[in-house]
2 protein chains.
Amino acid sequence: MAELSVFRCISCDINYNINEIRYRCDCGDLLEVIHDLSAVIPNPVEWKTSVESDYGDIPFRRYQKVLFPSLPHEHLITLQEGDTPLYDVSPHFSQFGALHLKHEGMNPTLSFKDRGMVAGVSWANYLGCEIVACASTGDTSAAMAAFAGVAPNMRGIVLLPKGKISPEQLAQPIASGALTIGIETDFDGCMRMVQELTQKHKIYLLNSMNSVRIEGQKAIGIETLHQLKWQVPNWFVIPVGNAGNISALGKGMRELYDLGIIDKLPRLAGIQTEGASPLYESFKSGYSPLTPQQAKTTKASAIQIGNPVSFKKAVRELKHFDGVIETVSETQLMDCKARIDRLGISICPNSAVAVAGAMKLRDADVIQEKDEVVVILTAHGSKFSNTAVEYHQDSSNKFANQTQTIAPDIKELESVLKL
Amino acid sequence: MAELSVFRCISCDINYNINEIRYRCDCGDLLEVIHDLSAVIPNPVEWKTSVESDYGDIPFRRYQKVLFPSLPHEHLITLQEGDTPLYDVSPHFSQFGALHLKHEGMNPTLSFKDRGMVAGVSWANYLGCEIVACASTGDTSAAMAAFAGVAPNMRGIVLLPKGKISPEQLAQPIASGALTIGIETDFDGCMRMVQELTQKHKIYLLNSMNSVRIEGQKAIGIETLHQLKWQVPNWFVIPVGNAGNISALGKGMRELYDLGIIDKLPRLAGIQTEGASPLYESFKSGYSPLTPQQAKTTKASAIQIGNPVSFKKAVRELKHFDGVIETVSETQLMDCKARIDRLGISICPNSAVAVAGAMKLRDADVIQEKDEVVVILTAHGSKFSNTAVEYHQDSSNKFANQTQTIAPDIKELESVLKL
């Protein structure tokens, strides 16, 4: 089946064999995986019928023909990721024609990274790599370690800057059995080490430059369209850090459209924080080449990235989908987190960036009154308990919900409750 | 539809109208909800076909005829809870005929409590109660607050002992907008306050004595059987604290059996910690009446309960299902948590109690070699990051996975990796 797919350089269009362990073109630029999808899915109507599958099937298998047809089924490593909720919150946000929230925090390791890792770790398994590695302090290491943990005969290696990691960040990789190594350097130093390691040994690299992960992440958009009964919304709105997720969303939609599975393209909106906005700066000047930034500290730590790996892929998708990039402030994103959490939908600050961006684009009438909008939420709020408590305990925050203290007296309780 | 259900006292068999806001019989004992299920589901084969429903339907709606037929659909308050993974970990635990883990931590607020709250909060909504309340420091308050948060015109009230709550416990109720009140008393004092409050006012009580929640929790077992294509395992194993979850599991199975949907009953095993084992003590002496205990501190904090509310219901189910009760030590439960986490399946210490109990019962040949076993996992490990880090950083723990620190030197890294 592997002949169905090739690696292709995004700059010079050179093809490489998909069975090569390779992350970049000889020219140095990123690769992407190109499939002969029309050979796999000659009839889009039949494909749509085929995905109305048995109760309990997992999304990666359900959509695999369009996600990654070259992966033999017997090499699949899954944690039953996906089939995440799509919440219709339109009644609470009547300024939109419709507002849906796709909650990728409801994956096994509580972030969207599981969608890419099912592809990446399964591919490592297919290639016969018994060690997978990444440099990461957050969701990437959590997801990689968990999928390596469930794989037979596989070990995860996580490189981290020594002494800069919180218990919340450490807990997931170590609990999943990854060999977790603190290095006396900064994050860039860890990244250089993991690249050197994976070049020298048969160790599979699962950082963002690995283009196989993108193929799994396409499932987020495809599953959303399935949940919407293949009615394409006007917009998908998504937070942008390394720009892999927006690239995956666009690639998946393009492929569905080219196959005739959908007959309309959505627009894409990528949202960044004001202090980490290299894609926004490029967009404003008609997609000028990337000028790396020193990203400023933000509560949306997962997208605090000044030099996005998948910049070129993202720009290509944004152009194809008539996309826009917007930025939001720390106050806007934290207020938006509070508003969505308030609906019982617990989200991370990065997800809130996308929601806040959708609001801002609607206020500016870029997203129009009748438009149907899907916002991708990327991780669960439980990874950010302290962030939530700090917000709500500060009465100067717009949506703060402060605790109160009373004596054990029913009259005092009734008085607080205005009964 | 409400005439399909009544409240019935578990002691004196008196019936009460289901539309009454009532939590206990006049005799003081607990109520349970009894449905005329054979009127709702005259044909079990047709029912089984009906639950093979459209992609994207939620479990509460899918199974509602057997869960709670009296609730009108328009009053349903849902967060798309359920459809949680059932992991087959048999290859890692070959001492069992089969070992499946049902991960109820993959619900929206990351615990099984969402299964009961969809019923409880929806019923409050049906009854026209605009305030719901509970005394809780953990998963119950998180779930109640979230469902109240997504309901139109509803407010949650959470009573907590002042100053004894961690940020992790506070974050969920306050973020979901519950009025969270610290009271200068202990947990029992909070419980007395919330009961007095809900007796005096039209405020719906959602603590464990509320028998409506049990009807929603029945979905855990029913969905598991559906995932197993209605093949009944030999055992369900479940952690026991207040004993509501084991009561719900039993009630749901009894109802399926009585309807002819399943043709065999599983056995039930309830697992407690050694320091909080009132049900175990009763079981050992042929189900003697409850002797409340002063529960000892355990990492499995959610089941650190010496006086379980649903004791009588649990004993009835245990007798009906040829059940057993076992206890496990702190070391056994924490080692078991490490073993399951290691497979990429992140679990809470309470879930680990059940897994450890299953191992112990297998070692003692109570669970036999060929037996197929389902263990119910009750919450996600991410609520216990610090617990995991502490375990893994202590090299005296059997499955500790310690971090290592090295200089930024590839040779040193290769040496650590034995390459």
# chains A, B, ... in the order shown; residues from 1 in each chain; ligands from 1
>>> residues_around(residues="His73 in chain B", least_positions_apart="4", cutoff="10 Å", atoms="only C-alpha atoms", output="ChimeraX atom specification")
/B:61,64,69,77,122,126
>>> write_last_selection(atoms="N, CA, C and O atoms", output="PDB file, in the first residue's frame")
ATOM      1  N   ARG B  61     -29.421   9.807  25.363  1.00  0.00           N
ATOM      2  CA  ARG B  61     -30.585   9.755  24.467  1.00  0.00           C
ATOM      3  C   ARG B  61     -30.720   8.370  23.856  1.00  0.00           C
ATOM      4  O   ARG B  61     -31.812   7.830  23.717  1.00  0.00           O
ATOM      5  N   GLN B  64     -32.055   6.074  26.544  1.00  0.00           N
ATOM      6  CA  GLN B  64     -32.941   6.716  27.517  1.00  0.00           C
ATOM      7  C   GLN B  64     -34.139   5.875  27.922  1.00  0.00           C
ATOM      8  O   GLN B  64     -34.601   5.940  29.058  1.00  0.00           O
ATOM      9  N   PRO B  69     -37.081   6.789  31.257  1.00  0.00           N
ATOM     10  CA  PRO B  69     -38.070   7.104  30.218  1.00  0.00           C
ATOM     11  C   PRO B  69     -38.975   8.288  30.567  1.00  0.00           C
ATOM     12  O   PRO B  69     -39.571   8.883  29.672  1.00  0.00           O
ATOM     13  N   ILE B  77     -30.414  18.253  29.548  1.00  0.00           N
ATOM     14  CA  ILE B  77     -29.226  19.124  29.636  1.00  0.00           C
ATOM     15  C   ILE B  77     -28.016  18.210  29.489  1.00  0.00           C
ATOM     16  O   ILE B  77     -27.754  17.370  30.344  1.00  0.00           O
ATOM     17  N   SER B 122     -30.881  17.461  34.394  1.00  0.00           N
ATOM     18  CA  SER B 122     -32.022  17.484  33.469  1.00  0.00           C
ATOM     19  C   SER B 122     -33.341  17.380  34.247  1.00  0.00           C
ATOM     20  O   SER B 122     -34.324  18.043  33.914  1.00  0.00           O
ATOM     21  N   TYR B 126     -36.487  19.866  34.372  1.00  0.00           N
ATOM     22  CA  TYR B 126     -37.874  19.428  34.177  1.00  0.00           C
ATOM     23  C   TYR B 126     -38.771  19.886  35.329  1.00  0.00           C
ATOM     24  O   TYR B 126     -39.904  20.325  35.131  1.00  0.00           O
TER      25      TYR B 126
END
>>> select_by_dssp(residues="range 219-416 of chain B", states="strand (DSSP E or B)", output="PyMOL selection string")
chain B and resi 235-239+267-273+276+324-328+347+372-377+379-380+404-406
>>> select_by_dssp(residues="range 375-413 of chain B", states="helix (DSSP H, G or I)", output="PyMOL selection string")
chain B and resi 381-393+410-413
>>> closest_residue(among="A:Val240, A:Leu249, A:Ile14, A:Leu417", to="Val353 in chain A", atoms="only C-alpha atoms")
A:Val240
>>> residues_around(residues="range 345-348 of chain B", least_positions_apart="2", cutoff="6 Å", atoms="only C-alpha atoms", output="ChimeraX atom specification")
/B:340-341,343,350-351,379-381
>>> residues_around(residues="Ala352 in chain B", least_positions_apart="4", cutoff="12 Å", atoms="only C-alpha atoms", output="MDAnalysis selection string")
chainID B and resid 101 103 237:240 271:273 299:303 327:341 345:348 356:359 375:381
>>> residues_around(residues="range 392-403 of chain B", least_positions_apart="3", cutoff="12 Å", atoms="only C-alpha atoms", output="ChimeraX atom specification")
/A:157-163,165,167,170-183 /B:330-342,385-389,406,416
>>> atom_distance(atom1="CA of Phe384 in chain B", atom2="CA of Ala151 in chain B")
28.2 Å
>>> atom_distance(atom1="CA of Ala295 in chain A", atom2="CA of Ala135 in chain A")
18.3 Å
>>> closest_residue(among="B:Asp57, B:Glu390, B:Asp26, B:Asp83", to="His226 in chain B", atoms="only C-alpha atoms")
B:Asp83
>>> closest_residue(among="A:Ala243, A:Ile58, A:Val324, A:Leu205", to="chain B", atoms="only C-alpha atoms")
A:Ile58
>>> closest_atom_pairs(of="range 322-401 of chain B", to="range 228-232 of chain B", cutoff="10 Å", atoms="only C-alpha atoms", output="CSV")
residue,atom,partner,partner_atom,distance
B:Glu372,CA,B:Val232,CA,8.7
B:Val373,CA,B:Val232,CA,9.6
B:Val374,CA,B:Val232,CA,9.7
>>> residues_around(residues="Leu259 in chain A", least_positions_apart="5", cutoff="9 Å", atoms="only C-alpha atoms", output="list in words")
Leu37, Ser38, Ile41, Pro42, Asn43, Pro44 and Arg254 of chain A
>>> closest_residue(among="B:Leu268, B:Ile261, B:Val132, B:Met144", to="Ile367 in chain B", atoms="only C-alpha atoms")
B:Leu268
>>> closest_residue(among="B:Gly156, B:Pro85, B:Pro278, B:Gly323", to="chain A", atoms="only C-alpha atoms")
B:Pro85
>>> closest_residue(among="B:Gln199, B:Asn15, B:Thr224, B:Gln217", to="Tyr87 in chain B", atoms="only C-alpha atoms")
B:Thr224
